[in-house]
Structures are given as C-alpha cells and as structure tokens.
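Source file: data.cif. Holds: mmCIF, C-alpha atoms.
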data_work
#
loop_
_atom_site.label_atom_id
_atom_site.label_comp_id
_atom_site.auth_asym_id
_atom_site.auth_seq_id
_atom_site.Cartn_x
_atom_site.Cartn_y
_atom_site.Cartn_z
CA MET A 22 -91.85 -271.78 -90.72
CA ASN A 23 -89.92 -271.39 -87.44
CA LYS A 24 -86.98 -269.86 -89.31
CA ALA A 25 -89.29 -267.41 -91.11
CA ALA A 26 -90.96 -266.42 -87.83
CA LEU A 27 -87.59 -265.97 -86.16
CA ASN A 28 -86.25 -263.83 -89.00
CA PHE A 29 -89.43 -261.72 -89.07
CA SER A 30 -89.29 -261.15 -85.31
CA ARG A 31 -85.59 -260.31 -85.41
CA ILE A 32 -85.90 -257.85 -88.31
CA PHE A 33 -89.11 -256.25 -87.04
CA VAL A 34 -87.84 -255.72 -83.50
CA GLY A 35 -84.37 -254.65 -84.65
CA VAL A 36 -85.64 -252.09 -87.16
CA LEU A 37 -88.25 -250.75 -84.74
CA PHE A 38 -85.67 -250.27 -81.98
CA ILE A 39 -83.33 -248.46 -84.38
CA ILE A 40 -86.10 -246.18 -85.66
CA SER A 41 -87.34 -245.49 -82.14
CA GLY A 42 -83.81 -244.73 -80.95
CA LEU A 43 -83.02 -242.47 -83.91
CA ILE A 44 -86.24 -240.48 -83.58
CA LYS A 45 -85.60 -239.87 -79.89
CA ALA A 46 -81.89 -239.17 -80.51
CA ASN A 47 -82.99 -236.55 -83.03
CA ASP A 48 -84.50 -234.70 -80.06
CA SER A 49 -82.66 -235.97 -77.00
CA LEU A 50 -83.48 -232.82 -75.01
CA GLY A 51 -87.19 -233.36 -75.69
CA PHE A 52 -86.86 -237.00 -74.60
CA GLY A 53 -85.17 -235.72 -71.46
CA TYR A 54 -88.21 -233.53 -70.75
CA LYS A 55 -90.39 -236.63 -71.04
CA LEU A 56 -88.16 -238.55 -68.63
CA GLU A 57 -88.55 -235.72 -66.13
CA GLU A 58 -92.32 -236.32 -66.21
CA TYR A 59 -91.76 -239.98 -65.33
CA PHE A 60 -89.26 -239.09 -62.60
CA ASP A 61 -91.81 -236.74 -61.04
CA VAL A 62 -94.55 -239.40 -61.17
CA PHE A 63 -92.36 -241.94 -59.38
CA HIS A 64 -90.99 -239.37 -56.92
CA LEU A 65 -87.50 -239.59 -58.42
CA SER A 66 -87.13 -235.87 -59.10
CA PHE A 67 -83.51 -235.97 -57.93
CA PHE A 68 -82.76 -237.55 -61.33
CA ASN A 69 -84.12 -234.48 -63.20
CA PRO A 70 -80.71 -232.75 -63.55
CA TYR A 71 -79.44 -235.90 -65.29
CA ALA A 72 -82.53 -236.43 -67.50
CA THR A 73 -80.85 -235.42 -70.77
CA PRO A 74 -77.70 -237.57 -70.33
CA ILE A 75 -79.94 -240.50 -69.34
CA ALA A 76 -82.10 -239.83 -72.40
CA MET A 77 -79.06 -239.83 -74.68
CA PHE A 78 -77.82 -243.08 -73.12
CA LEU A 79 -81.21 -244.77 -73.65
CA CYS A 80 -81.33 -243.59 -77.28
CA VAL A 81 -77.88 -245.05 -77.96
CA LEU A 82 -78.83 -248.25 -76.12
CA GLU A 83 -81.93 -248.73 -78.28
CA ILE A 84 -80.01 -248.17 -81.51
CA VAL A 85 -77.16 -250.47 -80.44
CA PHE A 86 -79.46 -253.30 -79.34
CA GLY A 87 -81.50 -252.97 -82.55
CA ALA A 88 -78.38 -253.07 -84.73
CA LEU A 89 -76.82 -256.00 -82.85
CA LEU A 90 -80.07 -257.94 -83.18
CA LEU A 91 -80.07 -257.39 -86.94
CA PHE A 92 -76.39 -258.40 -87.13
CA GLY A 93 -77.07 -261.43 -84.93
CA PHE A 94 -74.08 -260.64 -82.72
CA TRP A 95 -74.02 -261.86 -79.07
CA SER A 96 -77.59 -263.06 -79.45
CA LYS A 97 -77.96 -264.42 -75.91
CA LYS A 98 -76.90 -261.17 -74.24
CA VAL A 99 -78.84 -259.01 -76.71
CA ALA A 100 -82.06 -261.00 -76.34
CA THR A 101 -81.75 -260.81 -72.54
CA GLY A 102 -81.11 -257.06 -72.67
CA LEU A 103 -84.06 -256.49 -74.98
CA LEU A 104 -86.32 -258.49 -72.68
CA VAL A 105 -85.31 -256.41 -69.66
CA ILE A 106 -85.82 -253.17 -71.58
CA ILE A 107 -89.24 -254.07 -72.97
CA ILE A 108 -90.52 -255.31 -69.59
CA PHE A 109 -89.47 -252.00 -68.07
CA PHE A 110 -91.09 -249.90 -70.82
CA THR A 111 -94.25 -252.02 -70.83
CA PHE A 112 -94.59 -251.32 -67.11
CA LEU A 113 -94.11 -247.58 -67.69
CA THR A 114 -96.65 -247.38 -70.50
CA PHE A 115 -99.18 -249.39 -68.47
CA VAL A 116 -98.80 -247.01 -65.54
CA SER A 117 -99.20 -244.04 -67.92
CA ALA A 118 -102.33 -245.50 -69.49
CA ALA A 119 -104.02 -246.91 -66.40
CA PHE A 120 -103.38 -243.96 -64.09
CA LYS A 121 -103.23 -241.18 -66.75
CA VAL A 122 -100.06 -239.74 -65.24
CA VAL A 123 -98.12 -239.13 -68.48
CA THR A 124 -100.24 -238.35 -71.52
CA SER A 125 -97.62 -239.42 -74.08
CA CYS A 126 -94.84 -241.95 -73.59
CA GLY A 127 -92.45 -240.26 -76.03
CA CYS A 128 -91.69 -243.64 -77.63
CA PHE A 129 -91.32 -242.06 -81.07
CA GLY A 130 -90.83 -238.49 -79.88
CA ASP A 131 -93.04 -235.87 -81.52
CA ALA A 132 -92.72 -237.60 -84.90
CA ILE A 133 -95.40 -240.22 -84.14
CA PRO A 134 -97.47 -239.15 -81.11
CA LEU A 135 -99.09 -242.13 -79.41
CA THR A 136 -101.75 -242.19 -76.73
CA PRO A 137 -100.85 -244.09 -73.53
CA TRP A 138 -102.99 -247.09 -74.49
CA GLN A 139 -101.55 -247.14 -78.02
CA SER A 140 -98.07 -247.12 -76.49
CA PHE A 141 -98.97 -249.95 -74.13
CA SER A 142 -100.46 -252.00 -77.00
CA LYS A 143 -97.31 -251.42 -79.05
CA ASP A 144 -95.15 -252.61 -76.14
CA LEU A 145 -97.30 -255.73 -75.68
CA VAL A 146 -96.67 -256.66 -79.31
CA LEU A 147 -92.94 -256.05 -78.88
CA LEU A 148 -92.94 -258.00 -75.60
CA THR A 149 -94.49 -261.00 -77.36
CA LEU A 150 -91.94 -260.89 -80.18
CA ILE A 151 -88.99 -260.39 -77.83
CA ILE A 152 -90.09 -263.28 -75.61
CA TYR A 153 -90.14 -265.41 -78.77
CA LEU A 154 -86.64 -264.18 -79.64
CA PHE A 155 -85.44 -264.87 -76.11
CA ILE A 156 -86.76 -268.45 -76.21
CA HIS A 157 -85.02 -269.07 -79.54
CA ARG A 158 -81.97 -266.88 -78.90
CA THR A 159 -79.53 -269.71 -79.57
CA LYS A 160 -80.91 -270.04 -83.11
CA ILE A 161 -80.10 -266.43 -84.06
CA LEU A 162 -77.08 -266.66 -86.35
CA PRO A 163 -74.56 -263.80 -86.78
CA VAL A 164 -73.86 -262.33 -90.21
CA THR A 165 -70.18 -262.96 -89.45
CA ARG A 166 -68.37 -264.95 -86.77
CA ASN A 167 -65.22 -262.86 -87.02
CA GLU A 168 -64.81 -261.38 -83.53
CA GLY A 169 -62.78 -258.45 -84.80
CA ALA A 170 -65.47 -257.50 -87.29
CA GLN A 171 -68.13 -257.82 -84.61
CA LYS A 172 -66.27 -255.47 -82.26
CA ILE A 173 -65.65 -252.96 -85.04
CA ALA A 174 -69.37 -252.99 -85.90
CA LEU A 175 -70.28 -252.48 -82.23
CA VAL A 176 -67.88 -249.55 -81.83
CA ALA A 177 -69.09 -247.99 -85.09
CA VAL A 178 -72.75 -248.13 -84.05
CA VAL A 179 -71.99 -246.73 -80.58
CA VAL A 180 -69.85 -243.90 -81.97
CA VAL A 181 -72.30 -242.90 -84.72
CA SER A 182 -75.39 -243.01 -82.49
CA THR A 183 -73.62 -241.12 -79.68
CA ALA A 184 -72.29 -238.50 -82.09
CA PHE A 185 -75.76 -238.03 -83.56
CA SER A 186 -77.32 -237.54 -80.10
CA ILE A 187 -74.64 -235.02 -79.12
CA TYR A 188 -74.99 -233.15 -82.43
CA THR A 189 -78.78 -232.73 -82.16
CA TYR A 190 -78.46 -231.68 -78.52
CA THR A 191 -75.88 -229.07 -79.48
CA TYR A 192 -77.36 -227.75 -82.74
CA LEU A 193 -81.10 -228.55 -82.47
CA PRO A 194 -82.93 -231.52 -84.06
CA VAL A 195 -82.01 -232.39 -87.64
CA VAL A 196 -85.72 -232.85 -88.40
CA ASP A 197 -88.06 -230.60 -86.42
CA PHE A 198 -91.42 -232.27 -85.74
CA LEU A 199 -92.66 -229.49 -83.44
CA PRO A 200 -95.19 -226.82 -84.47
CA TYR A 201 -92.61 -224.02 -84.15
CA LYS A 202 -90.42 -225.38 -86.93
CA ILE A 203 -88.80 -223.16 -89.57
CA GLY A 204 -91.40 -221.94 -92.06
CA ALA A 205 -94.33 -222.35 -89.64
CA ASN A 206 -96.95 -219.59 -89.65
CA LEU A 207 -97.68 -219.31 -85.93
CA PRO A 208 -100.91 -217.25 -86.11
CA GLU A 209 -102.36 -219.79 -88.56
CA LEU A 210 -101.40 -222.69 -86.31
CA MET A 211 -103.15 -220.98 -83.38
CA ARG A 212 -106.38 -220.34 -85.29
CA VAL A 213 -109.41 -222.60 -85.71
CA PRO A 214 -110.59 -222.44 -89.36
CA PRO A 215 -114.21 -221.33 -89.92
CA GLY A 216 -116.55 -224.32 -89.98
CA ALA A 217 -113.99 -226.68 -88.40
CA ALA A 218 -115.61 -229.46 -86.41
CA PRO A 219 -115.21 -229.06 -82.63
CA ASP A 220 -114.54 -231.88 -80.19
CA VAL A 221 -117.67 -233.90 -79.36
CA TYR A 222 -118.13 -234.90 -75.74
CA GLU A 223 -120.66 -237.07 -73.93
CA ILE A 224 -121.59 -236.26 -70.35
CA THR A 225 -122.76 -239.10 -68.15
CA TYR A 226 -124.94 -238.55 -65.08
CA GLN A 227 -125.47 -240.85 -62.11
CA LEU A 228 -129.10 -240.68 -60.98
CA LYS A 229 -130.85 -241.88 -57.83
CA ASN A 230 -134.56 -242.12 -57.07
CA LYS A 231 -135.19 -240.54 -53.68
CA LYS A 232 -138.27 -242.70 -53.05
CA THR A 233 -137.25 -246.15 -54.27
CA GLY A 234 -133.45 -245.87 -54.06
CA GLU A 235 -133.16 -247.06 -57.68
CA LYS A 236 -130.00 -245.92 -59.49
CA LYS A 237 -129.42 -245.17 -63.15
CA VAL A 238 -126.57 -244.01 -65.35
CA MET A 239 -127.61 -241.87 -68.32
CA SER A 240 -125.91 -239.81 -71.00
CA ASP A 241 -126.76 -236.13 -71.25
CA LYS A 242 -128.76 -236.76 -74.44
CA ASP A 243 -130.83 -239.56 -72.90
CA TYR A 244 -131.31 -237.47 -69.78
CA LEU A 245 -132.93 -234.66 -71.76
CA LYS A 246 -134.75 -236.90 -74.24
CA SER A 247 -136.37 -239.10 -71.58
CA GLY A 248 -137.74 -236.15 -69.63
CA ILE A 249 -136.55 -237.71 -66.40
CA TRP A 250 -135.22 -234.32 -65.36
CA GLU A 251 -138.86 -233.22 -64.91
CA ASP A 252 -139.42 -235.89 -62.23
CA SER A 253 -138.43 -234.40 -58.87
CA ASN A 254 -137.94 -237.90 -57.44
CA TRP A 255 -134.80 -238.34 -59.50
CA GLU A 256 -131.68 -236.47 -58.48
CA ILE A 257 -128.15 -236.35 -59.89
CA THR A 258 -125.56 -237.76 -57.51
CA GLY A 259 -121.82 -237.26 -57.68
CA ASP A 260 -120.04 -235.33 -60.41
CA PRO A 261 -120.93 -235.70 -64.11
CA VAL A 262 -118.32 -237.60 -66.14
CA GLN A 263 -117.21 -236.05 -69.43
CA LYS A 264 -115.88 -238.34 -72.14
CA LEU A 265 -114.46 -237.43 -75.56
CA ILE A 266 -116.56 -239.18 -78.22
CA LYS A 267 -115.15 -237.66 -81.39
CA LYS A 268 -111.99 -235.63 -81.84
CA GLY A 269 -112.55 -232.39 -83.71
CA TYR A 270 -110.10 -230.06 -85.41
CA ASP A 271 -106.76 -230.18 -83.62
CA VAL A 272 -105.21 -226.74 -83.20
CA LYS A 273 -101.46 -227.23 -83.46
CA ILE A 274 -100.61 -224.43 -81.03
CA LYS A 275 -103.24 -224.11 -78.32
CA ASP A 276 -101.28 -223.46 -75.15
CA LEU A 277 -99.27 -220.33 -75.99
CA MET A 278 -100.15 -217.18 -74.06
CA ILE A 279 -97.51 -214.49 -73.67
CA SER A 280 -97.98 -211.83 -71.01
CA ASP A 281 -96.06 -209.14 -69.20
CA ALA A 282 -95.42 -209.07 -65.46
CA SER A 283 -98.90 -207.64 -64.79
CA GLY A 284 -100.63 -210.39 -66.80
CA THR A 285 -101.50 -208.31 -69.88
CA ASP A 286 -101.74 -210.52 -72.99
CA TYR A 287 -99.10 -209.65 -75.60
CA THR A 288 -99.35 -212.85 -77.65
CA LYS A 289 -100.87 -211.31 -80.77
CA GLU A 290 -98.63 -208.24 -80.70
CA LEU A 291 -95.42 -210.25 -80.43
CA ILE A 292 -96.31 -213.19 -82.67
CA GLU A 293 -97.82 -211.12 -85.49
CA ASN A 294 -95.13 -208.44 -85.65
CA PRO A 295 -94.84 -207.60 -89.40
CA TYR A 296 -91.12 -206.83 -89.07
CA TYR A 297 -88.15 -208.96 -88.14
CA ASN A 298 -88.10 -209.64 -84.42
CA LEU A 299 -85.93 -211.89 -82.27
CA ILE A 300 -87.45 -214.09 -79.59
CA ILE A 301 -84.97 -215.35 -77.00
CA VAL A 302 -86.43 -218.38 -75.23
CA ALA A 303 -85.02 -219.17 -71.80
CA TYR A 304 -87.76 -221.28 -70.26
CA ASN A 305 -85.79 -221.78 -67.03
CA LEU A 306 -83.48 -218.94 -66.00
CA ASN A 307 -82.08 -221.03 -63.15
CA ASP A 308 -80.59 -223.53 -65.61
CA THR A 309 -79.96 -221.33 -68.64
CA ASN A 310 -76.47 -220.92 -70.04
CA GLU A 311 -75.39 -217.47 -68.86
CA ASP A 312 -72.49 -217.21 -71.30
CA GLY A 313 -75.00 -217.82 -74.07
CA ILE A 314 -77.32 -215.18 -72.63
CA ALA A 315 -74.45 -212.66 -72.51
CA LYS A 316 -73.56 -213.25 -76.18
CA LEU A 317 -77.20 -212.99 -77.24
CA ASN A 318 -77.54 -209.79 -75.24
CA ALA A 319 -74.65 -208.18 -77.13
CA LEU A 320 -76.01 -209.38 -80.46
CA THR A 321 -79.53 -208.09 -79.85
CA LEU A 322 -78.21 -204.73 -78.69
CA ASN A 323 -76.46 -204.31 -82.05
CA ALA A 324 -79.56 -205.48 -83.92
CA THR A 325 -81.73 -202.92 -82.17
CA GLU A 326 -79.33 -200.03 -82.48
CA GLN A 327 -78.52 -200.59 -86.15
CA PHE A 328 -81.75 -202.06 -87.56
CA ASN A 329 -84.38 -201.30 -84.90
CA ILE A 330 -85.02 -205.04 -84.41
CA ARG A 331 -87.33 -205.70 -81.49
CA THR A 332 -85.98 -208.36 -79.15
CA VAL A 333 -87.89 -210.01 -76.32
CA MET A 334 -87.07 -212.79 -73.91
CA LEU A 335 -89.66 -215.40 -72.96
CA THR A 336 -89.39 -217.32 -69.71
CA SER A 337 -91.57 -219.31 -67.34
CA ASN A 338 -89.84 -217.96 -64.23
CA SER A 339 -91.58 -215.58 -61.85
CA ALA A 340 -91.46 -211.85 -62.55
CA GLN A 341 -89.34 -211.33 -59.43
CA ASP A 342 -86.75 -213.92 -60.50
CA ALA A 343 -86.71 -212.62 -64.07
CA ASP A 344 -86.26 -209.02 -62.93
CA ALA A 345 -83.35 -209.99 -60.69
CA PHE A 346 -81.80 -212.02 -63.53
CA SER A 347 -82.26 -209.13 -65.98
CA LYS A 348 -80.52 -206.66 -63.65
CA ARG A 349 -77.67 -209.04 -62.91
CA MET A 350 -77.08 -209.82 -66.60
CA LYS A 351 -77.84 -206.22 -67.71
CA LEU A 352 -80.31 -207.53 -70.28
CA PHE A 353 -81.39 -205.29 -73.11
CA ALA A 354 -84.34 -207.46 -74.23
CA GLU A 355 -87.86 -206.93 -72.88
CA ILE A 356 -89.01 -209.83 -70.70
CA PHE A 357 -92.35 -211.57 -71.15
CA TYR A 358 -93.80 -214.69 -69.59
CA ALA A 359 -95.34 -217.93 -70.84
CA ASP A 360 -95.88 -221.47 -69.63
CA GLY A 361 -92.84 -223.72 -69.74
CA VAL A 362 -94.48 -226.35 -71.98
CA PRO A 363 -94.82 -224.22 -75.15
CA LEU A 364 -91.46 -222.58 -74.45
CA LYS A 365 -89.78 -226.00 -74.45
CA SER A 366 -91.46 -226.71 -77.80
CA MET A 367 -90.39 -223.43 -79.39
CA VAL A 368 -86.70 -224.30 -79.46
CA ARG A 369 -84.83 -227.21 -77.90
CA ALA A 370 -82.23 -225.09 -76.16
CA ASN A 371 -81.95 -222.98 -73.03
CA PRO A 372 -81.48 -220.35 -74.30
CA GLY A 373 -82.55 -220.58 -77.91
CA VAL A 374 -83.57 -217.96 -80.47
CA LEU A 375 -86.40 -217.67 -82.99
CA LEU A 376 -86.30 -215.13 -85.80
CA LEU A 377 -89.87 -214.17 -86.68
CA LYS A 378 -91.36 -211.97 -89.35
CA ASN A 379 -95.09 -211.45 -89.82
CA GLY A 380 -95.78 -214.50 -87.67
CA VAL A 381 -93.54 -216.86 -89.67
CA VAL A 382 -90.55 -218.64 -88.14
CA ILE A 383 -87.77 -217.50 -90.48
CA ASN A 384 -85.05 -219.41 -88.62
CA LYS A 385 -84.17 -220.72 -85.17
CA TRP A 386 -80.94 -221.50 -83.36
CA SER A 387 -79.51 -222.90 -80.19
CA PHE A 388 -77.27 -220.41 -78.38
CA ARG A 389 -74.38 -222.69 -79.40
CA SER A 390 -75.10 -222.28 -83.12
CA MET A 391 -76.26 -218.67 -83.15
CA PRO A 392 -74.68 -216.83 -86.12
CA SER A 393 -72.75 -213.62 -85.63
CA PHE A 394 -74.41 -210.23 -85.88
CA GLU A 395 -72.62 -209.63 -89.19
CA LYS A 396 -73.98 -212.88 -90.60
CA LEU A 397 -77.52 -212.08 -89.43
CA SER A 398 -77.25 -208.60 -90.95
CA GLN A 399 -76.09 -209.87 -94.34
CA THR A 400 -78.62 -212.71 -94.48
CA TYR A 401 -81.71 -210.93 -93.13
CA PHE A 402 -81.65 -207.42 -91.70
CA ALA A 403 -79.71 -205.55 -94.40
CA LYS A 404 -81.87 -206.83 -97.26
#

Here is the file; what I need is its structure written in the form of structure tokens.
Amino acid sequence: MNKAALNFSRIFVGVLFIISGLIKANDSLGFGYKLEEYFDVFHLSFFNPYATPIAMFLCVLEIVFGALLLFGFWSKKVATGLLVIIIFFTFLTFVSAAFKVVTSCGCFGDAIPLTPWQSFSKDLVLLTLIIYLFIHRTKILPVTRNEGAQKIALVAVVVVSTAFSIYTYTYLPVVDFLPYKIGANLPELMRVPPGAAPDVYEITYQLKNKKTGEKKVMSDKDYLKSGIWEDSNWEITGDPVQKLIKKGYDVKIKDLMISDASGTDYTKELIENPYYNLIIVAYNLNDTNEDGIAKLNALTLNATEQFNIRTVMLTSNSAQDADAFSKRMKLFAEIFYADGVPLKSMVRANPGVLLLKNGVVINKWSFRSMPSFEKLSQTYFAK
C-alpha cells in the first residue's frame, strides 16, 4: 500500500508539474505578464523588466523537477526543491485568494483558467502529496543508477524545455488559447447572443433600527418582500454588498474598445472591416522593438500603395507619446488606442501583427516571424 501511494504521488506530482510547465512555456510572455502583477502587489516592480526571463526559468524549473521526479533521479534534492516551490506558490495563491489582488494565478496559463481559491485548493493538494514524497524521499528509486545516463537525461530535459520556451517567445505560442487566435471571429466573440442568460447577483443590505438599535442583514429580495423598506424606523447603513450568485453567458472579448486620440470609438469600424487590414499591436511603445517597427512600417507602406490595405497601430500609450513616437519613426500607419490588457492578449509580441478580414483573424505574427511583403502578397493580397 505504501509503495502504491508513493508511486501515485510521484507520478501525479511529476506529470502535473510537467504539464503546468509546458503550458506556461507555451506562452512564456503571458506568464511574464502574470508575474508582473505579483511583483506590483508585493512592491517588487523593479523586477518587471526581468519578468519574462524569470518566467522562462520557472517554466524550465517546473518541467525539470517534474521529469526528475518521474525518473527518480536525485530524489532527496528533487523532493526538497519541490517542497520549497510548492510552499512558495501556496503562499502566493493564498494571498491572491484572500486579498483578491491577482484574479488568476496563471498556474496553467490561459489553457485552464482557475479562480484564486481553486488555485489555492490545487496547491494544498499538491502540498500534501509533496510533503508525503519528502518524508519518503529515500524510498524513491531511480529508473537507472547509471550516473552518465542520469546526467544525459537532465541535460536533455533542460535543453528541450529551454528551447521550447525560447521558440514560443520568439514565434508566438504553438497552441493559442487566447480569444484572438487564428480563425476567431472577433465581432461574434464580442457579442452576447439573444436570450443568453445574464449574470445573477445578490445585493445584501445592512439595516439598523433607529429606535431600538437592532441590526439586520437582508438580501435585496428579502428586503423588498418583507416590506421593511416601508418602515421609516429601519435605515440602510454602510454600502450594499454585491455578490455573484450565478455566472451567466461569458463574453469571450469584453474589454476591447479602440478609440482615436479624441476618444471617438472606432472598434466596430476597425474590427469589422470587410477587406484585408493589418493591425500592428505595440501595447507599450517604450519597450517595443524599434527595428521591428521599422520593418513593419516599410511592409505596410507597400501593402497600402499596391493593394490599398488599411494598416493601423494599436497602443496603450498616451496620445502625446504615440504622436512623438510616430514622428520619430516616420510611421505610415494610423494610430489608435486601447487598454493594455486586451492588446497583450491579441498577440504575444511587442510589436505583433494581426491580419483581419471581415472580423476574422486570418493570421498573426510576431515581428520576428513576419513574412515578407512578397510572401503576404502571394498568399493573401494578390488573390
């Protein structure tokens, strides 16, 4: 029984760490964004410039520890490392859940979104299993005792996981779990279907009787049903508390609003353009790759002159900063503005490009993998 429990714990924890690491490595830039949220919460914003390298390191670490646990190599060191990691992450998820400072831990990226309390519960289960593994770490047997083979396996796992993280950072995620993925119909994802159930909320009031001093807590339904609102002796004190009772239809894209410098909404016009149009996304012009911007500028100039392709740039910077950037870089694209959160979700690159037609994402690229104008012409525009 002890052997079965040990094997189950080892396999479960090892596989889960590998899956978790691979999912986050598939989108290391997105995991870096999540780390920035934690850095800001703990007043460690000076780490923000290093968020993506740290994210890539943590992804590799998870995969390596998971693989070594499955192999049974260096069980004492691996069990100790896993225990330190899970204690740290359990603390983070508890802080997120208890103080509502980070709404999603990013444990499984955007592939499996978890609420803070779900993340904390998951970490408690892992903590229990890893403590068990730590107690019985000397009983974990390696699949081979050949030291050379063990080192080769370690190097192989490190190299493969590191290469995968670097590849997805350079050329976008291999599997896109975000709503702006290739083939997505953006207007449809922004629309609530007719008859869709809305979110159901309950509002709670705190009441106090002015004569007797008696206090009550009542839901909005009970408040109206009881008729207590007709009694002038009862008054509402404090602010009403709103609580989500039942989740309704979840609109996949609900935070995208594109405007010009004066605040005029251009979302519908740009997203629902019936012709090919290029959207350059540079959510932060201060950190964007200027060589990439220059190459995209030349490409979009050719696209407009030869095929009348409309090209716009979306950024979350101020209009003043964007105007100065546009003049310095001699940008041809029109500049529009949106919140940084949806821009980060559009394409995991700064800058990145979306090719849209009639509201559908035809393709998307990082500036590093952007095809030449000739290739774009042959594949899309000239047809």

Box for segment 291-299 of chain A - axis-aligned, 6 Å on each of the six sides, all listed atoms - centre and size in Å to one decimal, as AutoDock Vina command-line options.
--center_x -91.9 --center_y -210.0 --center_z -84.9 --size_x 23.9 --size_y 18.4 --size_z 21.0

Decode the PyMOL selection byres ((chain A and resi 271) around 12) for the given file into explicit residues and return them as a PyMOL selection string.
chain A and resi 210-214+217-220+267-270+272-275

I want to know what sits within 12 Å of Leu317 of chain A, based on all atoms listed in the file, with residues of the same chain fewer than 2 positions away left out; could you give that as a PDB file with C-alpha atoms, in the coordinates of the input?
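Below you can see selection-v3.pdb, which holds the result:
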ATOM      1  CA  LEU A 299     -85.930-211.890 -82.270  1.00  0.00           C
ATOM      2  CA  ILE A 300     -87.450-214.090 -79.590  1.00  0.00           C
ATOM      3  CA  ILE A 301     -84.970-215.350 -77.000  1.00  0.00           C
ATOM      4  CA  VAL A 302     -86.430-218.380 -75.230  1.00  0.00           C
ATOM      5  CA  ALA A 303     -85.020-219.170 -71.800  1.00  0.00           C
ATOM      6  CA  ASN A 310     -76.470-220.920 -70.040  1.00  0.00           C
ATOM      7  CA  GLU A 311     -75.390-217.470 -68.860  1.00  0.00           C
ATOM      8  CA  ASP A 312     -72.490-217.210 -71.300  1.00  0.00           C
ATOM      9  CA  GLY A 313     -75.000-217.820 -74.070  1.00  0.00           C
ATOM     10  CA  ILE A 314     -77.320-215.180 -72.630  1.00  0.00           C
ATOM     11  CA  ALA A 315     -74.450-212.660 -72.510  1.00  0.00           C
ATOM     12  CA  ALA A 319     -74.650-208.180 -77.130  1.00  0.00           C
ATOM     13  CA  LEU A 320     -76.010-209.380 -80.460  1.00  0.00           C
ATOM     14  CA  THR A 321     -79.530-208.090 -79.850  1.00  0.00           C
ATOM     15  CA  LEU A 322     -78.210-204.730 -78.690  1.00  0.00           C
ATOM     16  CA  ASN A 323     -76.460-204.310 -82.050  1.00  0.00           C
ATOM     17  CA  ALA A 324     -79.560-205.480 -83.920  1.00  0.00           C
ATOM     18  CA  THR A 332     -85.980-208.360 -79.150  1.00  0.00           C
ATOM     19  CA  VAL A 333     -87.890-210.010 -76.320  1.00  0.00           C
ATOM     20  CA  MET A 334     -87.070-212.790 -73.910  1.00  0.00           C
ATOM     21  CA  MET A 350     -77.080-209.820 -66.600  1.00  0.00           C
ATOM     22  CA  LYS A 351     -77.840-206.220 -67.710  1.00  0.00           C
ATOM     23  CA  LEU A 352     -80.310-207.530 -70.280  1.00  0.00           C
ATOM     24  CA  PHE A 353     -81.390-205.290 -73.110  1.00  0.00           C
ATOM     25  CA  ALA A 354     -84.340-207.460 -74.230  1.00  0.00           C
ATOM     26  CA  ASN A 371     -81.950-222.980 -73.030  1.00  0.00           C
ATOM     27  CA  PRO A 372     -81.480-220.350 -74.300  1.00  0.00           C
ATOM     28  CA  GLY A 373     -82.550-220.580 -77.910  1.00  0.00           C
ATOM     29  CA  VAL A 374     -83.570-217.960 -80.470  1.00  0.00           C
ATOM     30  CA  LEU A 375     -86.400-217.670 -82.990  1.00  0.00           C
ATOM     31  CA  TRP A 386     -80.940-221.500 -83.360  1.00  0.00           C
ATOM     32  CA  SER A 387     -79.510-222.900 -80.190  1.00  0.00           C
ATOM     33  CA  PHE A 388     -77.270-220.410 -78.380  1.00  0.00           C
ATOM     34  CA  ARG A 389     -74.380-222.690 -79.400  1.00  0.00           C
ATOM     35  CA  SER A 390     -75.100-222.280 -83.120  1.00  0.00           C
ATOM     36  CA  MET A 391     -76.260-218.670 -83.150  1.00  0.00           C
ATOM     37  CA  PRO A 392     -74.680-216.830 -86.120  1.00  0.00           C
ATOM     38  CA  SER A 393     -72.750-213.620 -85.630  1.00  0.00           C
ATOM     39  CA  PHE A 394     -74.410-210.230 -85.880  1.00  0.00           C
TER      40      PHE A 394
END

My list of candidates is A:Ala100, A:Leu113, A:Leu397, A:Ile44. Which is closest to Asp144 of chain A when distances are computed with all atoms listed in the file?
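So, comparing all the options, the nearest one is A:Leu113.
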
Write out as a PyMOL selection string the residues lying within 10 Å of Met77 of chain A, counting all atoms listed in the file and excluding same-chain residues fewer than 4 positions away.
chain A and resi 42+45-50+52-53+72-73+81-82+182-183+185-187+190

Chain and number of each residue from the PyMOL selection byres ((chain A and resi 26-35) around 7), as a ChimeraX atom specification
/A:22-25,36-39,87-88,90-91,147,150,154

Let me make sure I understand: among A:Ile161, A:Ser96, A:Ala205, A:Phe86, which one has the smallest atom-to-atom distance to Leu175 of chain A if we use only C-alpha atoms?
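When distances to Leu175 of chain A are compared using only C-alpha atoms, the smallest one comes from A:Phe86.
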
Could you add whatever atoms are missing so that segment 28-39 of chain A carries N, CA and C atoms, then write the result as a short mmCIF file (atom, residue, chain, number, x, y, z; two decimals), keeping the file's coordinate frame?
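out-v9.cif, written as the output of this step:
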data_model
loop_
_atom_site.label_atom_id
_atom_site.label_comp_id
_atom_site.auth_asym_id
_atom_site.auth_seq_id
_atom_site.Cartn_x
_atom_site.Cartn_y
_atom_site.Cartn_z
N ASN A 28 -86.82 -264.92 -88.21
CA ASN A 28 -86.25 -263.83 -89.00
C ASN A 28 -87.16 -262.60 -89.00
N PHE A 29 -88.48 -262.84 -89.10
CA PHE A 29 -89.43 -261.72 -89.07
C PHE A 29 -89.34 -260.99 -87.74
N SER A 30 -89.35 -261.75 -86.64
CA SER A 30 -89.29 -261.15 -85.31
C SER A 30 -87.99 -260.36 -85.13
N ARG A 31 -86.90 -260.96 -85.57
CA ARG A 31 -85.59 -260.31 -85.41
C ARG A 31 -85.52 -259.01 -86.20
N ILE A 32 -85.96 -259.05 -87.46
CA ILE A 32 -85.90 -257.85 -88.31
C ILE A 32 -86.88 -256.79 -87.82
N PHE A 33 -88.09 -257.21 -87.48
CA PHE A 33 -89.11 -256.25 -87.04
C PHE A 33 -88.67 -255.53 -85.77
N VAL A 34 -88.25 -256.31 -84.77
CA VAL A 34 -87.84 -255.72 -83.50
C VAL A 34 -86.58 -254.87 -83.68
N GLY A 35 -85.62 -255.39 -84.44
CA GLY A 35 -84.37 -254.65 -84.65
C GLY A 35 -84.60 -253.31 -85.33
N VAL A 36 -85.37 -253.33 -86.42
CA VAL A 36 -85.64 -252.09 -87.16
C VAL A 36 -86.43 -251.12 -86.30
N LEU A 37 -87.42 -251.63 -85.56
CA LEU A 37 -88.25 -250.75 -84.74
C LEU A 37 -87.42 -250.09 -83.63
N PHE A 38 -86.52 -250.84 -83.03
CA PHE A 38 -85.67 -250.27 -81.98
C PHE A 38 -84.74 -249.20 -82.56
N ILE A 39 -84.21 -249.46 -83.75
CA ILE A 39 -83.33 -248.46 -84.38
C ILE A 39 -84.11 -247.19 -84.72
#
